[in-house]
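Structure first, then comments.
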Amino acid sequence: MRRFRFVVDRRHAHAVNEVVAGRRRVRLAAVPAALGAAAATAYLVWLGHPWSYPLALAGALGTATALWVALWAPRRTGIDRLYAEGELAPAVVAPIRSRGAVLLALVNVARSDTGESRYALVTRKVRQLPGHRLTEGERVPVIAVRGDRTSRSIGERWLPVEAMPIAWGTTDTAVIERACAAITEIEWRLLADNLALAEQVHRSAAKRLLLDPGQLPEGLGA
């Protein structure tokens, strides 16, 4: 896995990083969900009916899950950790939107415990992209943030991946340039050649298009 190290500007990231902002909203929503589930659990136990206990158990599990999201998950999804544990990947600015732009990224969506690589085109709508011009084809180095980063995760074979621009973690243009240089021209060229697919990928439910390994250029996908 190709990692990229840099000092994260936390103040800047908190202000512009849309991945972190989205996860923060989920955590905040988990607090009232946990309180509601706890209240429902207590009420079901108070009823004391035979049928209420299985429901109370389900409510207790829901409470625990919501509390985990609200209290424990932030430790695993801190800004520094997301950037440090993700994989450096290329993205380019696709057709411009009225409010921001769409990024087309080339990422490895294979589970980390399989030892294989499987590349896909993924899109992400961004409202702002400091340090970059919002012009079609602009090169944007990103960190691929996996939906499940645990090595023993259970689920689908191809994991959901979010593209998180390096520019959302720093205002230093030298860092962005260094990240661009760490990505091969083969990858940048592949994205440029498939820029016309951005709309198709963005309209798909998964916002992801798996690429045929046999059609990848030599030097990619090993």
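FYI, nothing fancy with the structure tokens labels: chains A, B, ... in order, residues from 1 per chain, ligands from 1 as they appear.
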
Hey, what does DSSP flag as strand (DSSP E or B) within stretch 2-221 of chain A? Can you give it to me as a PyMOL selection string?
-> chain A and resi 87-97+100-108+110+119-126+139-146+158+161-165+208-210

Step one, run DSSP on the backbone; step two, keep only residues of stretch 77-152 of chain A assigned to helix (DSSP H, G or I); then write them as a PyMOL selection string.
-> chain A and resi 79-85

Go ahead and save the residues from that selection, with C-alpha atoms, as a PDB file, in the first residue's frame.
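Generated output (part_10.pdb):
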ATOM      1  CA  ILE A  79      -8.059  13.345  10.839  1.00  0.00           C
ATOM      2  CA  ASP A  80      -4.402  12.380  11.332  1.00  0.00           C
ATOM      3  CA  ARG A  81      -5.245   8.681  11.390  1.00  0.00           C
ATOM      4  CA  LEU A  82      -7.404   8.841   8.266  1.00  0.00           C
ATOM      5  CA  TYR A  83      -4.583  10.462   6.313  1.00  0.00           C
ATOM      6  CA  ALA A  84      -1.873   8.209   7.777  1.00  0.00           C
ATOM      7  CA  GLU A  85      -3.649   4.878   7.239  1.00  0.00           C
TER       8      GLU A  85
END
